[in-house]
>>> print(open('input09.tsv').read())   # TSV, C-alpha atoms
chain	number	residue	atom	x	y	z
A	204	MET	CA	102.35	109.72	109.82
A	205	ALA	CA	104.92	108.67	112.43
A	206	PHE	CA	102.75	105.61	113.07
A	207	LEU	CA	103.05	104.63	109.41
A	208	LEU	CA	106.81	105.13	109.50
A	209	GLY	CA	106.96	102.86	112.54
A	210	MET	CA	105.04	100.19	110.64
A	211	LEU	CA	107.36	100.56	107.67
A	212	ALA	CA	110.39	100.18	109.95
A	213	ALA	CA	108.99	96.96	111.41
A	214	PRO	CA	110.42	94.51	108.82
A	215	LEU	CA	113.87	96.08	109.21
A	216	VAL	CA	113.82	95.82	113.00
A	217	TYR	CA	112.29	92.34	112.83
A	218	GLY	CA	115.06	91.29	110.47
A	219	LEU	CA	117.76	92.66	112.77
A	220	LEU	CA	116.29	90.76	115.70
A	221	SER	CA	115.84	87.46	113.88
A	222	PRO	CA	118.65	84.92	113.51
A	223	GLU	CA	118.52	85.10	109.70
A	224	GLY	CA	119.12	88.85	109.80
A	225	PHE	CA	116.30	89.62	107.37
A	226	VAL	CA	112.59	89.09	106.92
A	227	GLN	CA	111.73	86.14	104.78
A	228	ALA	CA	109.50	87.34	101.97
A	229	PRO	CA	106.16	85.55	102.04
A	230	ARG	CA	105.06	83.64	98.99
A	231	ILE	CA	102.25	85.43	97.20
A	232	ASP	CA	100.35	83.21	94.83
A	233	ALA	CA	97.83	85.78	93.64
A	234	SER	CA	98.37	87.27	90.18
A	235	PHE	CA	98.96	91.00	89.77
A	236	ALA	CA	95.40	91.46	88.46
A	237	THR	CA	94.00	89.75	91.56
A	238	ILE	CA	96.26	91.87	93.78
A	239	VAL	CA	94.98	95.07	92.18
A	240	ALA	CA	91.33	94.01	92.51
A	241	ALA	CA	91.92	93.00	96.13
A	242	GLY	CA	93.67	96.30	96.88
A	243	LEU	CA	90.78	98.32	95.44
A	244	LEU	CA	88.23	96.41	97.54
A	245	VAL	CA	90.36	96.64	100.69
A	246	GLY	CA	90.78	100.38	100.09
A	247	LEU	CA	87.06	100.95	99.57
A	248	GLY	CA	85.53	98.59	102.14
A	249	PRO	CA	87.04	99.84	105.38
A	250	ARG	CA	86.43	103.46	104.41
A	251	TYR	CA	82.81	102.71	103.64
A	252	GLY	CA	82.30	100.52	106.72
A	253	SER	CA	84.70	102.58	108.87
A	254	GLY	CA	87.08	99.82	109.90
A	255	CYS	CA	89.11	96.73	109.06
A	256	THR	CA	90.53	93.73	110.93
A	257	SER	CA	92.36	96.00	113.35
A	258	GLY	CA	89.72	98.70	113.66
A	259	HIS	CA	86.59	96.62	114.07
A	260	GLY	CA	88.11	93.20	114.69
A	261	VAL	CA	90.60	94.04	117.41
A	262	CYS	CA	89.80	97.52	118.73
A	263	GLY	CA	86.04	97.36	118.27
A	264	LEU	CA	85.62	93.92	119.77
A	265	SER	CA	87.92	94.94	122.64
A	266	ARG	CA	85.47	97.73	123.37
A	267	LEU	CA	82.58	95.24	123.12
A	268	SER	CA	81.03	97.34	120.37
A	269	PRO	CA	77.98	95.66	118.78
A	270	ARG	CA	78.60	97.69	115.64
A	271	SER	CA	82.10	96.22	115.32
A	272	LEU	CA	80.79	92.72	115.93
A	273	VAL	CA	78.45	93.11	112.96
A	274	ALA	CA	81.28	94.47	110.79
A	275	THR	CA	83.64	91.68	111.87
A	276	LEU	CA	81.06	89.01	111.09
A	277	ALA	CA	80.47	90.67	107.72
A	278	PHE	CA	84.13	90.74	106.65
A	279	MET	CA	84.93	87.32	108.09
A	280	GLY	CA	81.91	85.88	106.31
A	281	ALA	CA	82.84	87.57	103.03
A	282	GLY	CA	86.45	86.40	103.43
A	283	PHE	CA	85.37	82.79	104.04
A	284	ALA	CA	83.01	82.97	101.08
A	285	MET	CA	85.61	84.49	98.77
A	286	VAL	CA	88.24	81.85	99.58
A	287	PHE	CA	85.64	79.14	99.12
A	288	VAL	CA	84.63	80.52	95.72
A	289	VAL	CA	88.25	80.95	94.58
A	290	ARG	CA	89.36	77.47	95.68
A	291	HIS	CA	86.29	75.34	95.06
A	292	VAL	CA	84.05	77.05	92.55
A	293	LEU	CA	86.29	78.82	90.04
B	1226	MET	CA	107.27	113.35	122.02
B	1227	HIS	CA	103.93	112.36	120.49
B	1228	ARG	CA	105.59	111.61	117.19
B	1229	ILE	CA	108.17	109.38	118.85
B	1230	THR	CA	105.50	107.44	120.73
B	1231	GLU	CA	103.47	107.15	117.54
B	1232	PHE	CA	106.49	105.76	115.74
B	1233	PHE	CA	107.11	103.11	118.37
B	1234	VAL	CA	103.46	102.16	118.55
B	1235	GLY	CA	103.46	101.69	114.78
B	1236	LEU	CA	106.67	99.69	115.04
B	1237	LEU	CA	105.22	97.47	117.74
B	1238	PHE	CA	102.05	96.93	115.70
B	1239	GLY	CA	104.13	96.01	112.65
B	1240	LEU	CA	106.33	93.63	114.63
B	1241	GLY	CA	103.23	91.97	116.05
B	1242	LEU	CA	101.81	91.47	112.58
B	1243	LEU	CA	105.09	89.96	111.35
B	1244	LEU	CA	105.55	87.72	114.36
B	1245	SER	CA	101.98	86.42	114.31
B	1246	GLY	CA	101.95	85.46	110.65
B	1247	MET	CA	99.38	88.09	109.64
B	1248	THR	CA	101.78	89.36	106.95
B	1249	ASP	CA	101.86	85.96	105.24
B	1250	PRO	CA	98.98	85.83	102.73
B	1251	ALA	CA	99.19	82.03	102.48
B	1252	LYS	CA	98.65	81.80	106.23
B	1253	VAL	CA	95.79	84.31	106.14
B	1254	LEU	CA	94.09	82.48	103.26
B	1255	GLY	CA	94.49	79.26	105.23
B	1256	PHE	CA	92.57	80.92	108.03
B	1257	LEU	CA	89.89	82.13	105.65
B	1258	HIS	CA	89.60	78.66	104.12
B	1259	ARG	CA	86.90	77.94	106.67
B	1260	PHE	CA	84.99	75.61	104.40
B	1261	GLY	CA	88.01	73.54	103.43
B	1262	THR	CA	91.42	72.94	105.01
B	1263	TRP	CA	90.92	75.47	107.77
B	1264	ASP	CA	93.94	76.70	109.73
B	1265	PRO	CA	92.32	78.38	112.75
B	1266	SER	CA	95.59	79.53	114.35
B	1267	LEU	CA	95.20	83.20	113.41
B	1268	ALA	CA	92.03	83.33	115.49
B	1269	PHE	CA	94.38	83.21	118.46
B	1270	VAL	CA	96.10	86.33	117.21
B	1271	MET	CA	92.82	88.18	117.22
B	1272	GLY	CA	91.85	86.58	120.54
B	1273	GLY	CA	95.18	87.53	122.08
B	1274	ALA	CA	94.94	91.08	120.80
B	1275	ILE	CA	91.41	91.41	122.16
B	1276	ALA	CA	92.48	89.97	125.53
B	1277	VAL	CA	94.99	92.80	125.87
B	1278	GLY	CA	92.86	95.41	124.13
B	1279	PHE	CA	89.88	94.75	126.38
B	1280	PHE	CA	91.78	95.99	129.43
B	1281	ALA	CA	93.47	98.78	127.51
B	1282	PHE	CA	90.14	100.14	126.28
B	1283	ALA	CA	88.49	99.63	129.66
B	1284	LEU	CA	91.20	101.87	131.09
B	1285	ALA	CA	90.88	104.35	128.23
B	1286	LYS	CA	87.13	104.66	128.80
B	1287	LYS	CA	87.77	105.83	132.37
B	1288	ARG	CA	90.17	108.51	131.27
B	1289	THR	CA	89.56	111.84	129.61
B	1290	ALA	CA	93.08	112.24	128.19
B	1291	SER	CA	95.85	109.90	127.07
B	1292	PHE	CA	98.88	109.20	129.27
B	1293	LEU	CA	100.77	111.83	127.31
B	1294	GLY	CA	97.99	114.35	127.80
B	1295	GLY	CA	96.54	114.18	124.29
B	1296	ALA	CA	92.82	114.04	123.57
B	1297	LEU	CA	91.24	110.61	123.36
B	1298	HIS	CA	89.16	109.88	120.30
B	1299	LEU	CA	87.03	106.84	120.96
B	1300	PRO	CA	84.37	105.99	118.38
B	1301	LYS	CA	80.95	107.25	119.37
B	1302	SER	CA	78.83	105.82	116.61
B	1303	SER	CA	76.77	102.79	117.53
B	1304	GLN	CA	74.59	102.75	114.46
B	1305	ILE	CA	74.41	99.47	112.60
B	1306	ASP	CA	73.52	100.40	109.06
B	1307	LYS	CA	73.82	99.31	105.46
B	1308	ARG	CA	77.11	101.17	105.10
B	1309	LEU	CA	78.71	99.20	107.90
B	1310	VAL	CA	77.62	95.83	106.52
B	1311	LEU	CA	78.37	96.63	102.87
B	1312	GLY	CA	81.74	98.08	103.81
B	1313	GLY	CA	82.56	94.97	105.82
B	1314	LEU	CA	81.50	92.67	102.99
B	1315	THR	CA	83.54	94.65	100.46
B	1316	PHE	CA	86.58	94.54	102.66
B	1317	GLY	CA	86.17	90.82	103.38
B	1318	ALA	CA	85.90	90.03	99.67
B	1319	GLY	CA	89.17	91.85	98.99
B	1320	TRP	CA	90.83	90.25	102.00
B	1321	GLY	CA	89.83	86.79	100.82
B	1322	LEU	CA	91.01	87.50	97.31
B	1323	ALA	CA	94.68	88.14	98.12
B	1324	GLY	CA	95.09	87.49	101.85
B	1325	PHE	CA	96.11	91.05	102.67
B	1326	CYS	CA	94.37	93.50	104.94
B	1327	PRO	CA	95.58	97.13	105.28
B	1328	GLY	CA	98.14	96.81	108.12
B	1329	PRO	CA	99.93	93.69	106.91
B	1330	GLY	CA	99.87	95.04	103.33
B	1331	ILE	CA	101.80	98.12	104.43
B	1332	VAL	CA	104.27	96.09	106.52
B	1333	SER	CA	104.86	93.59	103.68
B	1334	MET	CA	105.47	96.44	101.28
B	1335	ALA	CA	108.29	97.60	103.55
B	1336	SER	CA	109.83	94.15	103.54
B	1337	GLY	CA	110.35	94.68	99.83
B	1338	GLU	CA	107.47	92.67	98.47
B	1339	VAL	CA	106.59	94.02	95.01
B	1340	LYS	CA	103.09	92.54	95.04
B	1341	ALA	CA	102.44	94.08	98.44
B	1342	ALA	CA	103.48	97.46	97.07
B	1343	VAL	CA	101.07	97.02	94.16
B	1344	PHE	CA	98.39	96.03	96.66
B	1345	VAL	CA	98.98	99.15	98.78
B	1346	ALA	CA	98.92	101.36	95.68
B	1347	ALA	CA	95.58	99.84	94.64
B	1348	MET	CA	94.33	100.27	98.19
B	1349	VAL	CA	95.16	103.98	98.12
B	1350	VAL	CA	93.30	104.24	94.79
B	1351	GLY	CA	90.35	102.46	96.41
B	1352	MET	CA	90.35	104.95	99.28
B	1353	ALA	CA	90.55	107.84	96.82
B	1354	LEU	CA	87.64	106.39	94.82
B	1355	PHE	CA	85.64	106.31	98.02
B	1356	GLU	CA	86.41	109.97	98.69
B	1357	ILE	CA	85.38	110.92	95.16
B	1358	ALA	CA	82.19	108.87	95.42
B	1359	GLU	CA	81.33	110.51	98.74
B	1360	ARG	CA	81.86	113.97	97.35
B	1361	THR	CA	79.89	113.49	94.18
B	1362	GLY	CA	76.99	112.17	96.21
B	1363	LEU	CA	77.06	108.69	94.73
B	1364	ARG	CA	76.31	107.64	98.27
B	1365	ARG	CA	72.74	108.82	97.99
B	1366	ARG	CA	72.13	106.75	94.89
B	1367	VAL	CA	73.50	103.65	96.59
B	1368	GLY	CA	71.00	104.43	99.32
B	1369	ALA	CA	73.30	104.48	102.31
>>> encode(input="input09.tsv", output="structure tokens")
Amino acid sequence: MAFLLGMLAAPLVYGLLSPEGFVQAPRIDASFATIVAAGLLVGLGPRYGSGCTSGHGVCGLSRLSPRSLVATLAFMGAGFAMVFVVRHVL
Amino acid sequence: MHRITEFFVGLLFGLGLLLSGMTDPAKVLGFLHRFGTWDPSLAFVMGGAIAVGFFAFALAKKRTASFLGGALHLPKSSQIDKRLVLGGLTFGAGWGLAGFCPGPGIVSMASGEVKAAVFVAAMVVGMALFEIAERTGLRRRVGA
């Protein structure tokens, strides 16, 4: 829980440290419907496959875990494919 | 003491995500646009994190307790199964759809991004759906 609070405090601290005094909000092009669909998938996937970019990608690969390598290749591949489909096919 | 450390570790993680550009969906989607106008710079974020993490985990593996005396919970599973691959594919599809993964989604929500908050809410629903599916034994039907 404290870890989450730390993460939530990050934009505030980052803003205080930056010359602008606040965090510049990133531009999000995706529609609300896309955001909801993406959120559902991102909620489900890492629970089912026990890890995300940080869990498998950073921590798992740091431990040289073959299991995490497979997961990382899977989500990177799916990410590449999804962006390709969204930008070139649809 | 543990809570304070946890807070600062979370803060550091969040700052790293902000500084590296991981909280900017446009940047993330640029990285995922592998078969197009690829922006590979975020690979260096992962590479940099692994370069540090490698030594951190090598040290952790030699220890039985954390520096603060807490128990270490390193993953023990080494099974590569359908669950792992399907979970990874599901996550990647969602990641590629909006450019958010869990950590940056949470951090962006705190910077006051409405869409990030909607994303996190949907993510929590997704996690809850998983729990429900697990409990009702849907898992067996999927064959995992």
>>> closest_residue(input="input09.tsv", among="B:Leu1240, B:Met1247, B:Ala1358, B:Ala1268", to="chain A", atoms="all atoms listed in the file")
B:Leu1240
>>> closest_residue(input="input09.tsv", among="B:Arg1228, B:Thr1361, B:Gly1273, B:Met1348", to="B:Leu1293", atoms="all atoms listed in the file")
B:Arg1228
>>> residues_around(input="input09.tsv", residues="stretch 265-278 of chain A", least_positions_apart="5", cutoff="12 Å", atoms="only C-alpha atoms", output="mmCIF file with C-alpha atoms, in the coordinates of the input")
data_model
loop_
_atom_site.group_PDB
_atom_site.id
_atom_site.type_symbol
_atom_site.label_atom_id
_atom_site.label_comp_id
_atom_site.auth_asym_id
_atom_site.auth_seq_id
_atom_site.Cartn_x
_atom_site.Cartn_y
_atom_site.Cartn_z
ATOM 1 C CA LEU A 244 88.230 96.410 97.540
ATOM 2 C CA VAL A 245 90.360 96.640 100.690
ATOM 3 C CA GLY A 248 85.530 98.590 102.140
ATOM 4 C CA PRO A 249 87.040 99.840 105.380
ATOM 5 C CA TYR A 251 82.810 102.710 103.640
ATOM 6 C CA GLY A 252 82.300 100.520 106.720
ATOM 7 C CA SER A 253 84.700 102.580 108.870
ATOM 8 C CA GLY A 254 87.080 99.820 109.900
ATOM 9 C CA CYS A 255 89.110 96.730 109.060
ATOM 10 C CA THR A 256 90.530 93.730 110.930
ATOM 11 C CA SER A 257 92.360 96.000 113.350
ATOM 12 C CA GLY A 258 89.720 98.700 113.660
ATOM 13 C CA HIS A 259 86.590 96.620 114.070
ATOM 14 C CA GLY A 260 88.110 93.200 114.690
ATOM 15 C CA PHE A 283 85.370 82.790 104.040
ATOM 16 C CA ALA A 284 83.010 82.970 101.080
ATOM 17 C CA MET A 285 85.610 84.490 98.770
ATOM 18 C CA LEU B 1257 89.890 82.130 105.650
ATOM 19 C CA MET B 1271 92.820 88.180 117.220
ATOM 20 C CA GLY B 1272 91.850 86.580 120.540
ATOM 21 C CA GLY B 1273 95.180 87.530 122.080
ATOM 22 C CA ALA B 1274 94.940 91.080 120.800
ATOM 23 C CA ILE B 1275 91.410 91.410 122.160
ATOM 24 C CA ALA B 1276 92.480 89.970 125.530
ATOM 25 C CA VAL B 1277 94.990 92.800 125.870
ATOM 26 C CA GLY B 1278 92.860 95.410 124.130
ATOM 27 C CA PHE B 1279 89.880 94.750 126.380
ATOM 28 C CA PHE B 1280 91.780 95.990 129.430
ATOM 29 C CA ALA B 1281 93.470 98.780 127.510
ATOM 30 C CA PHE B 1282 90.140 100.140 126.280
ATOM 31 C CA ALA B 1283 88.490 99.630 129.660
ATOM 32 C CA LEU B 1284 91.200 101.870 131.090
ATOM 33 C CA ALA B 1285 90.880 104.350 128.230
ATOM 34 C CA LYS B 1286 87.130 104.660 128.800
ATOM 35 C CA LEU B 1299 87.030 106.840 120.960
ATOM 36 C CA PRO B 1300 84.370 105.990 118.380
ATOM 37 C CA LYS B 1301 80.950 107.250 119.370
ATOM 38 C CA SER B 1302 78.830 105.820 116.610
ATOM 39 C CA SER B 1303 76.770 102.790 117.530
ATOM 40 C CA GLN B 1304 74.590 102.750 114.460
ATOM 41 C CA ILE B 1305 74.410 99.470 112.600
ATOM 42 C CA ASP B 1306 73.520 100.400 109.060
ATOM 43 C CA LYS B 1307 73.820 99.310 105.460
ATOM 44 C CA ARG B 1308 77.110 101.170 105.100
ATOM 45 C CA LEU B 1309 78.710 99.200 107.900
ATOM 46 C CA VAL B 1310 77.620 95.830 106.520
ATOM 47 C CA LEU B 1311 78.370 96.630 102.870
ATOM 48 C CA GLY B 1312 81.740 98.080 103.810
ATOM 49 C CA GLY B 1313 82.560 94.970 105.820
ATOM 50 C CA LEU B 1314 81.500 92.670 102.990
ATOM 51 C CA THR B 1315 83.540 94.650 100.460
ATOM 52 C CA PHE B 1316 86.580 94.540 102.660
ATOM 53 C CA GLY B 1317 86.170 90.820 103.380
ATOM 54 C CA ALA B 1318 85.900 90.030 99.670
ATOM 55 C CA GLY B 1319 89.170 91.850 98.990
ATOM 56 C CA TRP B 1320 90.830 90.250 102.000
ATOM 57 C CA GLY B 1321 89.830 86.790 100.820
ATOM 58 C CA CYS B 1326 94.370 93.500 104.940
#
>>> atom_distance(input="input09.tsv", atom1="atom CA of A:Arg230", atom2="atom CA of B:Val1345")
16.7 Å
>>> residues_around(input="input09.tsv", residues="stretch 207-221 of chain A", least_positions_apart="4", cutoff="6 Å", atoms="all atoms listed in the file", output="ChimeraX atom specification")
/A:225-226 /B:1232-1233,1235-1236,1239-1240,1332,1335-1336
>>> atom_distance(input="input09.tsv", atom1="atom CA of A:Val289", atom2="atom CA of B:His1258")
9.9 Å
>>> residues_around(input="input09.tsv", residues="B:Trp1263", least_positions_apart="3", cutoff="12 Å", atoms="all atoms listed in the file", output="ChimeraX atom specification")
/A:283,286-287 /B:1251-1260,1266-1268
>>> closest_residue(input="input09.tsv", among="B:Val1234, B:Met1226, B:Ala1323, B:Leu1243", to="A:Gln227", atoms="all atoms listed in the file")
B:Leu1243
>>> axis_aligned_box(input="input09.tsv", around="stretch 1275-1287 of chain B", padding_each_side="4 Å", output="AutoDock Vina command-line options")
--center_x 91.1 --center_y 97.9 --center_z 127.3 --size_x 15.9 --size_y 23.9 --size_z 18.2
>>> closest_residue(input="input09.tsv", among="B:Asp1249, B:Gly1324, B:Pro1329, B:Gly1295", to="chain A", atoms="all atoms listed in the file")
B:Asp1249
>>> atom_distance(input="input09.tsv", atom1="atom CA of B:Gly1328", atom2="atom CA of B:Phe1238")
8.5 Å
>>> decode(input="input09.tsv", residues="stretch 1261-1285 of chain B", atoms="N, CA and C atoms", output="PDB file, in the first residue's frame")
ATOM      1  N   GLY B1261       6.755   0.068 -38.383  1.00  0.00           N
ATOM      2  CA  GLY B1261       6.359   1.378 -38.896  1.00  0.00           C
ATOM      3  C   GLY B1261       7.439   2.361 -38.480  1.00  0.00           C
ATOM      4  N   THR B1262       7.017   3.546 -37.997  1.00  0.00           N
ATOM      5  CA  THR B1262       8.007   4.540 -37.558  1.00  0.00           C
ATOM      6  C   THR B1262       8.440   4.228 -36.129  1.00  0.00           C
ATOM      7  N   TRP B1263       9.337   3.287 -36.006  1.00  0.00           N
ATOM      8  CA  TRP B1263       9.758   2.778 -34.710  1.00  0.00           C
ATOM      9  C   TRP B1263      10.644   3.774 -33.964  1.00  0.00           C
ATOM     10  N   ASP B1264      10.315   4.020 -32.706  1.00  0.00           N
ATOM     11  CA  ASP B1264      11.158   4.831 -31.828  1.00  0.00           C
ATOM     12  C   ASP B1264      11.719   3.882 -30.762  1.00  0.00           C
ATOM     13  N   PRO B1265      12.938   3.383 -30.972  1.00  0.00           N
ATOM     14  CA  PRO B1265      13.449   2.337 -30.081  1.00  0.00           C
ATOM     15  C   PRO B1265      13.957   2.838 -28.731  1.00  0.00           C
ATOM     16  N   SER B1266      13.853   4.162 -28.470  1.00  0.00           N
ATOM     17  CA  SER B1266      14.530   4.697 -27.283  1.00  0.00           C
ATOM     18  C   SER B1266      14.103   4.049 -25.956  1.00  0.00           C
ATOM     19  N   LEU B1267      12.837   3.639 -25.855  1.00  0.00           N
ATOM     20  CA  LEU B1267      12.408   3.063 -24.579  1.00  0.00           C
ATOM     21  C   LEU B1267      13.071   1.712 -24.288  1.00  0.00           C
ATOM     22  N   ALA B1268      13.635   1.098 -25.306  1.00  0.00           N
ATOM     23  CA  ALA B1268      14.364  -0.153 -25.070  1.00  0.00           C
ATOM     24  C   ALA B1268      15.537   0.111 -24.135  1.00  0.00           C
ATOM     25  N   PHE B1269      16.062   1.337 -24.186  1.00  0.00           N
ATOM     26  CA  PHE B1269      17.175   1.684 -23.307  1.00  0.00           C
ATOM     27  C   PHE B1269      16.722   1.819 -21.859  1.00  0.00           C
ATOM     28  N   VAL B1270      15.459   2.160 -21.676  1.00  0.00           N
ATOM     29  CA  VAL B1270      14.924   2.231 -20.318  1.00  0.00           C
ATOM     30  C   VAL B1270      14.913   0.830 -19.725  1.00  0.00           C
ATOM     31  N   MET B1271      14.395  -0.107 -20.512  1.00  0.00           N
ATOM     32  CA  MET B1271      14.348  -1.480 -20.037  1.00  0.00           C
ATOM     33  C   MET B1271      15.764  -2.021 -19.860  1.00  0.00           C
ATOM     34  N   GLY B1272      16.619  -1.732 -20.840  1.00  0.00           N
ATOM     35  CA  GLY B1272      18.017  -2.182 -20.761  1.00  0.00           C
ATOM     36  C   GLY B1272      18.704  -1.607 -19.531  1.00  0.00           C
ATOM     37  N   GLY B1273      18.497  -0.327 -19.288  1.00  0.00           N
ATOM     38  CA  GLY B1273      19.110   0.326 -18.133  1.00  0.00           C
ATOM     39  C   GLY B1273      18.611  -0.266 -16.823  1.00  0.00           C
ATOM     40  N   ALA B1274      17.293  -0.516 -16.782  1.00  0.00           N
ATOM     41  CA  ALA B1274      16.706  -1.090 -15.569  1.00  0.00           C
ATOM     42  C   ALA B1274      17.244  -2.497 -15.326  1.00  0.00           C
ATOM     43  N   ILE B1275      17.411  -3.253 -16.411  1.00  0.00           N
ATOM     44  CA  ILE B1275      17.922  -4.621 -16.263  1.00  0.00           C
ATOM     45  C   ILE B1275      19.391  -4.593 -15.830  1.00  0.00           C
ATOM     46  N   ALA B1276      20.150  -3.613 -16.377  1.00  0.00           N
ATOM     47  CA  ALA B1276      21.571  -3.512 -16.024  1.00  0.00           C
ATOM     48  C   ALA B1276      21.744  -3.299 -14.521  1.00  0.00           C
ATOM     49  N   VAL B1277      20.838  -2.535 -13.920  1.00  0.00           N
ATOM     50  CA  VAL B1277      20.902  -2.322 -12.472  1.00  0.00           C
ATOM     51  C   VAL B1277      20.294  -3.522 -11.749  1.00  0.00           C
ATOM     52  N   GLY B1278      19.140  -3.944 -12.255  1.00  0.00           N
ATOM     53  CA  GLY B1278      18.406  -5.051 -11.627  1.00  0.00           C
ATOM     54  C   GLY B1278      19.192  -6.350 -11.587  1.00  0.00           C
ATOM     55  N   PHE B1279      19.990  -6.579 -12.619  1.00  0.00           N
ATOM     56  CA  PHE B1279      20.783  -7.810 -12.679  1.00  0.00           C
ATOM     57  C   PHE B1279      21.640  -7.952 -11.423  1.00  0.00           C
ATOM     58  N   PHE B1280      22.337  -6.863 -11.061  1.00  0.00           N
ATOM     59  CA  PHE B1280      23.210  -6.916  -9.895  1.00  0.00           C
ATOM     60  C   PHE B1280      22.398  -6.943  -8.596  1.00  0.00           C
ATOM     61  N   ALA B1281      21.298  -6.209  -8.615  1.00  0.00           N
ATOM     62  CA  ALA B1281      20.444  -6.191  -7.412  1.00  0.00           C
ATOM     63  C   ALA B1281      19.896  -7.585  -7.121  1.00  0.00           C
ATOM     64  N   PHE B1282      19.422  -8.268  -8.179  1.00  0.00           N
ATOM     65  CA  PHE B1282      18.862  -9.606  -7.958  1.00  0.00           C
ATOM     66  C   PHE B1282      19.943 -10.644  -7.680  1.00  0.00           C
ATOM     67  N   ALA B1283      21.141 -10.429  -8.264  1.00  0.00           N
ATOM     68  CA  ALA B1283      22.243 -11.351  -7.993  1.00  0.00           C
ATOM     69  C   ALA B1283      22.579 -11.288  -6.502  1.00  0.00           C
ATOM     70  N   LEU B1284      22.536 -10.086  -5.962  1.00  0.00           N
ATOM     71  CA  LEU B1284      22.803  -9.886  -4.538  1.00  0.00           C
ATOM     72  C   LEU B1284      21.674 -10.499  -3.716  1.00  0.00           C
ATOM     73  N   ALA B1285      20.440 -10.260  -4.161  1.00  0.00           N
ATOM     74  CA  ALA B1285      19.276 -10.769  -3.428  1.00  0.00           C
ATOM     75  C   ALA B1285      19.284 -12.296  -3.354  1.00  0.00           C
TER      76      ALA B1285
END
